[in-house]
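Here's start.cif, which has mmCIF, C-alpha atoms and all ligand atoms:
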data_input
#
loop_
_atom_site.label_atom_id
_atom_site.label_comp_id
_atom_site.auth_asym_id
_atom_site.auth_seq_id
_atom_site.Cartn_x
_atom_site.Cartn_y
_atom_site.Cartn_z
CA MET A 1 -0.07 65.07 -53.65
CA LEU A 2 2.31 63.59 -51.09
CA ALA A 3 2.66 59.81 -51.21
CA PRO A 4 0.43 58.17 -48.56
CA ASN A 5 2.00 56.34 -45.63
CA GLU A 6 1.66 52.58 -45.51
CA GLY A 7 -1.32 52.64 -43.13
CA LEU A 8 -3.32 54.92 -45.41
CA SER A 9 -2.41 52.90 -48.52
CA ILE A 10 -3.74 49.83 -46.73
CA LEU A 11 -6.98 51.61 -45.78
CA ILE A 12 -7.57 52.52 -49.44
CA ARG A 13 -6.57 49.02 -50.53
CA ASP A 14 -9.05 47.44 -48.10
CA LEU A 15 -11.88 49.71 -49.23
CA ILE A 16 -11.27 48.77 -52.87
CA HIS A 17 -11.10 45.12 -51.86
CA GLU A 18 -14.44 45.33 -50.04
CA ARG A 19 -16.26 47.13 -52.87
CA LEU A 20 -14.70 45.57 -55.99
CA GLY A 21 -13.23 42.27 -54.77
CA LEU A 22 -9.82 43.19 -56.21
CA PHE A 23 -6.96 42.52 -53.82
CA PHE A 24 -3.54 44.15 -53.94
CA ASP A 25 -0.90 42.42 -51.86
CA PRO A 26 1.93 44.52 -50.37
CA ALA A 27 4.11 44.03 -53.45
CA ARG A 28 1.38 45.50 -55.68
CA LEU A 29 0.22 48.42 -53.50
CA GLU A 30 2.39 50.76 -55.54
CA VAL A 31 0.71 49.62 -58.78
CA MET A 32 -2.71 50.31 -57.25
CA LEU A 33 -1.65 53.81 -56.14
CA ASP A 34 -0.19 54.63 -59.58
CA LYS A 35 -3.51 53.76 -61.17
CA ILE A 36 -5.77 55.68 -58.80
CA THR A 37 -3.65 58.78 -58.22
CA PRO A 38 -4.76 60.48 -61.48
CA LEU A 39 -8.38 59.91 -60.40
CA ALA A 40 -7.78 61.50 -57.01
CA GLN A 41 -6.11 64.48 -58.70
CA ALA A 42 -8.94 64.83 -61.23
CA GLN A 43 -11.40 64.92 -58.31
CA GLY A 44 -9.46 67.85 -56.85
CA CYS A 45 -8.35 65.89 -53.77
CA ARG A 46 -5.44 67.50 -52.01
CA SER A 47 -4.43 64.42 -50.07
CA TYR A 48 -4.99 60.68 -50.06
CA ILE A 49 -6.97 60.94 -46.86
CA ASP A 50 -9.46 63.22 -48.71
CA TYR A 51 -9.60 60.69 -51.47
CA TYR A 52 -10.17 57.84 -49.04
CA TYR A 53 -13.16 59.61 -47.47
CA GLN A 54 -14.58 60.57 -50.85
CA LEU A 55 -14.44 56.94 -51.94
CA LYS A 56 -15.82 55.66 -48.65
CA ASP A 57 -18.79 58.03 -48.70
CA THR A 58 -19.71 57.55 -52.37
CA ASP A 59 -22.21 55.03 -53.63
CA ILE A 60 -20.66 52.07 -55.47
CA THR A 61 -22.85 52.68 -58.53
CA SER A 62 -21.59 56.29 -58.91
CA ALA A 63 -19.42 57.43 -61.81
CA TYR A 64 -16.74 57.97 -59.20
CA TRP A 65 -16.42 54.25 -58.33
CA GLN A 66 -16.88 53.26 -61.95
CA ALA A 67 -13.77 55.30 -62.77
CA VAL A 68 -11.89 53.29 -60.11
CA MET A 69 -13.13 50.05 -61.68
CA ASP A 70 -12.00 51.23 -65.13
CA ALA A 71 -8.59 52.23 -63.80
CA LEU A 72 -7.98 48.89 -62.04
CA SER A 73 -9.57 46.63 -64.63
CA VAL A 74 -7.16 44.27 -66.43
CA GLN A 75 -8.82 43.61 -69.76
CA GLU A 76 -6.51 40.92 -71.06
CA THR A 77 -8.66 38.65 -73.27
CA TYR A 78 -8.88 37.27 -76.80
CA PHE A 79 -11.12 35.27 -79.11
CA TRP A 80 -11.07 31.45 -78.89
CA ARG A 81 -9.37 31.61 -75.46
CA GLU A 82 -9.40 28.33 -73.49
CA LEU A 83 -11.62 26.86 -76.14
CA ASP A 84 -12.11 23.36 -74.69
CA GLN A 85 -14.83 24.58 -72.33
CA ILE A 86 -16.65 26.47 -75.08
CA LYS A 87 -16.43 23.43 -77.36
CA THR A 88 -17.97 21.29 -74.61
CA LEU A 89 -20.75 23.85 -74.33
CA ALA A 90 -21.37 24.01 -78.08
CA GLU A 91 -20.96 20.32 -78.84
CA THR A 92 -22.58 18.71 -75.78
CA LEU A 93 -24.38 20.92 -73.28
CA VAL A 94 -26.49 22.94 -75.72
CA ALA A 95 -27.77 19.79 -77.42
CA LYS A 96 -28.60 18.23 -74.03
CA TRP A 97 -30.49 21.33 -72.95
CA PHE A 98 -32.74 21.40 -76.02
CA GLN A 99 -33.27 17.61 -76.01
CA GLU A 100 -34.96 17.94 -72.66
CA ARG A 101 -36.75 21.28 -72.81
CA LEU A 102 -37.92 24.02 -75.13
CA ARG A 103 -37.29 27.08 -73.02
CA PRO A 104 -34.41 29.39 -74.08
CA LEU A 105 -30.95 28.79 -72.64
CA ARG A 106 -29.20 31.73 -71.04
CA ILE A 107 -25.40 31.81 -70.98
CA TRP A 108 -23.74 34.43 -68.78
CA SER A 109 -20.21 35.59 -69.42
CA ALA A 110 -19.43 37.35 -66.12
CA ALA A 111 -16.37 39.65 -66.32
CA CYS A 112 -16.40 39.55 -70.12
CA ALA A 113 -13.99 42.52 -70.42
CA THR A 114 -14.06 43.81 -74.02
CA GLY A 115 -16.43 41.10 -75.25
CA GLU A 116 -14.19 38.51 -76.91
CA GLU A 117 -15.50 35.70 -74.64
CA PRO A 118 -19.27 36.10 -75.25
CA TYR A 119 -18.66 36.73 -78.97
CA THR A 120 -16.54 33.54 -79.07
CA ILE A 121 -19.48 31.66 -77.54
CA ALA A 122 -21.82 33.10 -80.21
CA MET A 123 -19.46 32.10 -83.05
CA ALA A 124 -18.84 28.62 -81.61
CA LEU A 125 -22.59 27.97 -81.37
CA ILE A 126 -23.05 28.89 -85.02
CA GLU A 127 -20.06 26.77 -86.02
CA ALA A 128 -21.63 23.81 -84.16
CA GLY A 129 -24.87 24.25 -86.12
CA HIS A 130 -26.85 25.81 -83.24
CA GLY A 131 -27.34 29.27 -84.72
CA HIS A 132 -31.12 28.76 -84.97
CA LEU A 133 -31.67 27.84 -81.31
CA PRO A 134 -33.03 30.31 -78.72
CA VAL A 135 -29.84 30.97 -76.80
CA GLU A 136 -29.45 34.25 -74.94
CA ILE A 137 -25.85 35.32 -74.34
CA VAL A 138 -25.24 38.04 -71.76
CA GLY A 139 -21.82 39.60 -71.23
CA SER A 140 -21.25 41.66 -68.09
CA ASP A 141 -18.31 43.42 -66.56
CA GLY A 142 -17.71 45.89 -63.75
CA SER A 143 -15.85 48.27 -66.05
CA PRO A 144 -18.04 50.59 -68.15
CA ALA A 145 -15.01 51.39 -70.38
CA ALA A 146 -14.59 47.69 -71.22
CA LEU A 147 -18.28 47.42 -72.10
CA VAL A 148 -18.14 50.40 -74.45
CA LYS A 149 -15.44 48.54 -76.42
CA ALA A 150 -17.42 45.29 -76.28
CA GLN A 151 -20.50 47.00 -77.69
CA ARG A 152 -18.49 48.69 -80.40
CA GLY A 153 -17.06 45.33 -81.54
CA LEU A 154 -13.95 46.72 -83.23
CA TYR A 155 -10.83 44.69 -82.49
CA ARG A 156 -7.07 44.91 -83.02
CA GLU A 157 -4.57 42.17 -83.81
CA ARG A 158 -4.03 41.16 -80.13
CA SER A 159 -7.58 39.85 -79.88
CA PHE A 160 -7.02 37.41 -82.76
CA ARG A 161 -4.00 35.50 -81.49
CA THR A 162 -5.77 32.12 -81.46
CA LEU A 163 -8.77 32.61 -83.74
CA PRO A 164 -8.39 30.52 -86.92
CA PRO A 165 -7.90 32.91 -89.90
CA GLU A 166 -10.89 31.47 -91.79
CA LEU A 167 -13.16 32.42 -88.88
CA ARG A 168 -11.76 35.93 -88.83
CA SER A 169 -12.63 36.29 -92.53
CA LYS A 170 -16.06 34.80 -91.92
CA TYR A 171 -17.14 36.86 -88.93
CA PHE A 172 -15.17 40.14 -89.21
CA GLU A 173 -14.77 42.92 -91.72
CA GLU A 174 -11.47 44.76 -92.02
CA LYS A 175 -11.68 48.51 -91.33
CA PRO A 176 -8.91 51.15 -91.34
CA ASP A 177 -8.64 50.98 -87.53
CA GLY A 178 -9.23 47.28 -86.85
CA TRP A 179 -11.63 44.43 -87.53
CA GLN A 180 -15.36 44.96 -87.05
CA ILE A 181 -17.38 41.99 -85.79
CA SER A 182 -20.33 41.13 -88.00
CA PRO A 183 -23.75 42.48 -86.95
CA ALA A 184 -25.06 38.88 -87.06
CA ILE A 185 -22.76 37.96 -84.14
CA GLN A 186 -23.11 41.29 -82.41
CA ARG A 187 -26.87 41.06 -82.06
CA ARG A 188 -26.61 37.68 -80.35
CA VAL A 189 -24.89 39.19 -77.31
CA ARG A 190 -26.34 41.64 -74.82
CA PHE A 191 -24.02 43.57 -72.53
CA GLN A 192 -24.63 45.08 -69.11
CA ARG A 193 -22.57 46.43 -66.25
CA ALA A 194 -22.46 44.23 -63.15
CA ASN A 195 -20.08 44.24 -60.20
CA LEU A 196 -19.50 40.72 -58.91
CA MET A 197 -19.34 42.09 -55.35
CA GLU A 198 -22.81 43.63 -55.54
CA GLU A 199 -25.45 40.99 -55.00
CA PRO A 200 -28.39 43.01 -56.41
CA GLU A 201 -26.47 43.50 -59.67
CA ILE A 202 -25.82 39.78 -60.22
CA VAL A 203 -28.66 37.80 -58.62
CA HIS A 204 -30.70 37.67 -61.78
CA LEU A 205 -27.79 36.75 -64.06
CA ALA A 206 -26.57 34.14 -61.58
CA SER A 207 -29.66 32.06 -62.24
CA SER A 208 -28.23 31.24 -65.71
CA PRO A 209 -27.74 27.49 -66.31
CA ILE A 210 -24.31 28.21 -67.83
CA VAL A 211 -21.93 30.73 -66.26
CA PHE A 212 -18.48 31.61 -67.54
CA CYS A 213 -16.52 33.50 -64.89
CA ARG A 214 -13.01 33.14 -66.20
CA ASN A 215 -9.77 34.91 -65.36
CA VAL A 216 -11.24 37.38 -62.89
CA PHE A 217 -10.92 35.42 -59.65
CA ILE A 218 -7.12 35.58 -60.11
CA TYR A 219 -7.41 39.25 -59.08
CA PHE A 220 -9.69 38.54 -56.09
CA SER A 221 -8.88 37.43 -52.53
CA PRO A 222 -10.24 34.05 -51.38
CA ASN A 223 -12.89 35.96 -49.38
CA SER A 224 -14.08 37.92 -52.41
CA ILE A 225 -14.27 34.71 -54.44
CA ARG A 226 -16.35 33.12 -51.66
CA ARG A 227 -18.71 36.11 -51.66
CA ALA A 228 -19.33 35.82 -55.41
CA LEU A 229 -19.68 32.03 -55.19
CA GLN A 230 -22.28 32.30 -52.45
CA VAL A 231 -24.50 34.37 -54.72
CA PHE A 232 -23.89 32.01 -57.64
CA ALA A 233 -24.67 28.95 -55.52
CA ALA A 234 -27.85 30.50 -54.12
CA ARG A 235 -29.21 31.20 -57.60
CA MET A 236 -27.83 28.49 -59.87
CA GLU A 237 -30.11 25.47 -60.18
CA PRO A 238 -28.61 22.04 -59.41
CA GLY A 239 -26.75 20.79 -62.49
CA SER A 240 -25.91 24.32 -63.74
CA HIS A 241 -22.34 24.67 -64.97
CA LEU A 242 -19.78 27.22 -63.85
CA PHE A 243 -16.62 27.55 -65.94
CA VAL A 244 -13.59 29.30 -64.45
CA GLY A 245 -10.17 29.96 -65.99
CA SER A 246 -7.68 27.10 -66.32
CA SER A 247 -5.40 28.61 -63.66
CA GLU A 248 -8.24 29.11 -61.17
CA SER A 249 -9.34 26.51 -58.61
CA LEU A 250 -12.41 26.67 -56.40
CA LEU A 251 -11.77 23.45 -54.55
CA LYS A 252 -10.95 25.00 -51.16
CA LEU A 253 -13.50 27.79 -51.55
CA THR A 254 -16.88 26.13 -51.92
CA ASN A 255 -18.75 22.95 -51.13
CA ASP A 256 -21.66 23.86 -53.37
CA PHE A 257 -20.03 22.87 -56.64
CA GLU A 258 -18.47 19.64 -57.81
CA LEU A 259 -15.58 19.63 -60.26
CA GLN A 260 -16.47 17.47 -63.25
CA GLU A 261 -14.41 16.45 -66.25
CA LEU A 262 -16.37 16.87 -69.47
CA GLY A 263 -14.26 15.50 -72.31
CA SER A 264 -11.17 17.70 -72.40
CA ALA A 265 -12.70 20.44 -70.25
CA PHE A 266 -13.49 20.95 -66.58
CA ALA A 267 -16.57 22.59 -65.09
CA TYR A 268 -17.85 23.24 -61.58
CA VAL A 269 -21.33 21.78 -61.50
CA ARG A 270 -23.88 22.99 -58.93
CA LYS A 271 -24.47 20.01 -56.65
CA GLY A 272 -27.71 18.07 -56.76
CA LYS A 273 -29.47 16.23 -59.54
CA GLY A 274 -30.79 18.60 -62.13
CA LEU A 275 -30.07 20.38 -65.40
CA PHE A 276 -28.02 18.67 -68.15
CA GLN A 277 -28.20 15.26 -66.48
CA THR A 278 -29.49 12.36 -68.48
CA PRO A 279 -31.75 10.25 -66.27
C1 LIG B 301 -8.78 39.36 -67.56
S1 LIG B 301 -10.41 39.94 -67.83
C2 LIG B 301 -11.26 38.41 -68.14
C3 LIG B 301 -11.88 38.38 -69.51
C4 LIG B 301 -12.50 37.06 -69.94
N1 LIG B 301 -13.39 36.52 -68.96
C5 LIG B 301 -11.43 36.06 -70.29
O1 LIG B 301 -11.26 35.06 -69.57
O2 LIG B 301 -10.75 36.24 -71.30
C6 LIG B 301 -10.91 40.39 -66.17
C7 LIG B 301 -12.13 41.31 -66.14
O3 LIG B 301 -12.69 41.26 -64.83
C8 LIG B 301 -13.32 42.50 -64.61
N2 LIG B 301 -13.58 42.68 -63.18
C9 LIG B 301 -12.70 42.87 -62.18
N3 LIG B 301 -13.34 43.02 -61.01
C10 LIG B 301 -14.66 42.90 -61.27
C11 LIG B 301 -15.82 42.97 -60.46
N4 LIG B 301 -15.77 43.17 -59.16
N5 LIG B 301 -17.02 42.81 -61.08
C12 LIG B 301 -17.10 42.60 -62.40
N6 LIG B 301 -16.03 42.54 -63.22
C13 LIG B 301 -14.82 42.70 -62.65
C14 LIG B 301 -12.34 43.50 -65.18
O4 LIG B 301 -12.98 44.73 -65.47
C15 LIG B 301 -11.83 42.77 -66.43
O5 LIG B 301 -12.53 43.19 -67.57
#

How would this structure read if it were set down as C-alpha cells?
Ligand SMILES: C[S@@+](CC[C@H](N)C(=O)[O-])C[C@H]1O[C@@H](n2cnc3c(N)ncnc32)[C@H](O)[C@@H]1O
Amino acid sequence: MLAPNEGLSILIRDLIHERLGLFFDPARLEVMLDKITPLAQAQGCRSYIDYYYQLKDTDITSAYWQAVMDALSVQETYFWRELDQIKTLAETLVAKWFQERLRPLRIWSAACATGEEPYTIAMALIEAGHGHLPVEIVGSDGSPAALVKAQRGLYRERSFRTLPPELRSKYFEEKPDGWQISPAIQRRVRFQRANLMEEPEIVHLASSPIVFCRNVFIYFSPNSIRRALQVFAARMEPGSHLFVGSSESLLKLTNDFELQELGSAFAYVRKGKGLFQTP
C-alpha cells in the first residue's frame, strides 16, 4: 500500500480520535500509521482511502474496531502502581462507606489494561483487613486483547517492579511461563470491555462510588477527556471519588469535581454533599 498523504492521515487520525478518544499529534501520526497498516492489509484494503471508508462505515462494537483498539492500546501497567490512592481507599474510604451503610461498594477500574490495577485493589483490601466486606471490583478496558490477559492472570517480571516480594509469594504461584495470580484474588474482580467514548457502555459503571481512571487520559485530547468526564459527572453521586494518574490534571476540564487532598493522595470528588462525608 502506498503511504497516505497528510490529508488522508489526518482524516484517519480524526476518525480514531472521535471513536476511541485517542489523539495522535502530528509528530505521532507515523506511529499511528505503523500500528494500523497491518490491520488494513489483513482486511484486504488496497489503499488507505479504502481503509478509511471501511472504518467509517463499521460499527464501533465490531471486531474490526476492536482490532484497532488492540493495536493502539498502550498497556503499560504494574502491581502496586501509585499506591497512595489505593491505600487511602483501603485504609479510609472503605471503612467510611461501611460505617454509614450496608449496601455493597462497587469500585470501577476504568482502562484497567491487563488487570494489575484492579487486582492491586483486591490485594490491598485484604491486606487492610477488609477481605470479608461486600466489595465489587470491576475492571474494564477498550482492548479485548488486554482483557484476555487480565482474565488469565499470568504475569511476567515487568508487572512486579514495585510489589513487595512477600506479597508476590502470598498472592502468586510461580509457573514455567510466569506468575499466576491466586484464584482467591482472581474471583474478586470481574472484567468487561467498555470504550470510554461510548456512553451506553459506561453509564452503568460510572455510577460507581469509587472510580479509578488512571493513565489513560494522557492519550486523549482535552475534548475526549471532557466527553468521558461528562458521563462520569452525570452518573456519579455527589461525594463519589475519581482517581486519575499522578501526571493527569482535570482542573481546566471540569467544574463538576473538586480536587481534594486525602492524606498523601489526591482525588477528584464529585461536587455536592454526599457519599463518604462525615456529617
Ligand atoms: C497505560 S494503560 C493504564 C492502566 C492502568 N489504569 C494503570 O494506571 O496502570 C491505558 C489503557 O487505556 C486503554 N484505553 C485507551 N483508550 C481507551 C478507550 N477509549 N476506552 C477504554 N480504554 C481505553 C488502553 O487499552 C490501555 O489498556

Per residue of chain A within 7 Å of ligand LIG 301 (chain B), record the nearest atom pair and its distance in Å to one decimal, counting only C-alpha atoms and all ligand atoms, with rows in chain order and ascending residue number, as a tab-separated table.
residue	atom	partner	partner_atom	distance
A:Leu20	CA	B:LIG301	N4	4.1
A:Gly21	CA	B:LIG301	N4	5.2
A:Leu22	CA	B:LIG301	N3	6.0
A:Met69	CA	B:LIG301	O4	6.5
A:Asp70	CA	B:LIG301	O4	6.6
A:Ser73	CA	B:LIG301	O4	4.0
A:Val74	CA	B:LIG301	C15	4.9
A:Gln75	CA	B:LIG301	O5	4.3
A:Glu76	CA	B:LIG301	C1	4.5
A:Thr77	CA	B:LIG301	O2	3.7
A:Tyr78	CA	B:LIG301	O2	5.9
A:Arg81	CA	B:LIG301	O2	6.4
A:Ser109	CA	B:LIG301	N1	6.9
A:Ala110	CA	B:LIG301	N1	6.7
A:Ala111	CA	B:LIG301	N6	4.3
A:Cys112	CA	B:LIG301	N1	4.4
A:Ala113	CA	B:LIG301	O5	3.3
A:Thr114	CA	B:LIG301	O5	6.7
A:Glu116	CA	B:LIG301	O2	7.0
A:Glu117	CA	B:LIG301	C4	5.7
A:Asp141	CA	B:LIG301	N6	4.1
A:Gly142	CA	B:LIG301	C12	3.6
A:Ser143	CA	B:LIG301	O4	4.6
A:Ala146	CA	B:LIG301	O5	6.1
A:Ala194	CA	B:LIG301	C12	5.7
A:Asn195	CA	B:LIG301	N5	3.5
A:Leu196	CA	B:LIG301	N5	3.9
A:Met197	CA	B:LIG301	N4	5.3
A:Cys213	CA	B:LIG301	N1	6.0
A:Arg214	CA	B:LIG301	O1	4.3
A:Asn215	CA	B:LIG301	O1	4.5
A:Val216	CA	B:LIG301	C6	4.5
A:Gly245	CA	B:LIG301	O1	6.3

(request) Could you give me, as a list of chain:residue names, the residues within 10 Å of Gln180 (chain A), counting all atoms listed in the file and dropping anything in the same chain fewer than 6 positions from it? (result) A:Arg152, A:Gly153, A:Leu154, A:Tyr155, A:Arg156, A:Arg168, A:Tyr171, A:Phe172, A:Glu173, A:Glu174, A:Gln186

(request) Could you pull out every residue with an atom within 12 Å of (-17.3, 23.6, -52.1), file coordinates, counting only C-alpha atoms, and send them as a ChimeraX atom specification? (result) /A:225-226,229-230,233,249-259,268-271

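Relative to CA of Thr88 (chain A), CA of Ser264 (chain A) is found at 8.0 Å.
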
(request) Find the residues near Ile49 (chain A): any atom within 10 Å, counting only C-alpha atoms, skip ones fewer than 2 places away on the same chain, and give them as number ranges by chain. (result) A: 4, 8-9, 11-12, 45-47, 51-55

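Using all atoms listed in the file, the smallest distance between any of A:Ala40, A:Ile202, A:Ala3, A:Leu105 and Leu275 (chain A) comes from A:Leu105.
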
(message) Residues within 10 Å of Leu262 (chain A), please, as a ChimeraX atom specification. Count all atoms listed in the file; anything in the same chain fewer than 5 positions from it doesn't count.
(response) /A:84-85,88-89,92-93,267

(request) Could you check which of A:Ala184, A:Ala67, A:Ile60, A:Ile36 is closest to Pro200 (chain A), using all atoms listed in the file? (result) A:Ile60

(request) Scan for residues within 8 Å of the point (-27.3, 17.4, -68.6) in the coordinates of the file, using only C-alpha atoms, and reply as a PyMOL selection string. (result) chain A and resi 93+96-97+239+274-278

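Across the structure, CA of Gly131 (chain A) and CA of Ala95 (chain A) are spaced 12.0 Å apart.
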
(message) My list of candidates is A:Arg193, A:Phe217, A:His130, A:Phe79. Which is closest to Phe160 (chain A) when distances are computed with all atoms listed in the file?
(response) A:Phe79

(request) Please indicate the distance in Å from CA of Arg13 (chain A) to CA of Ala71 (chain A), rounded to one decimal place. (result) 13.8 Å

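Using all atoms listed in the file for every distance, the candidate list A:Asp59, A:Glu127, A:Asp34, A:Glu261 yields A:Glu127 as the residue closest to Ala90 (chain A).
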
(message) If we count only C-alpha atoms and set the cut-off at 12 Å, which residues sit around Arg28 (chain A), ignoring sequence neighbours fewer than 3 positions away in its own chain? Please answer as a ChimeraX atom specification.
(response) /A:9-10,13,22-25,31-35,72,219
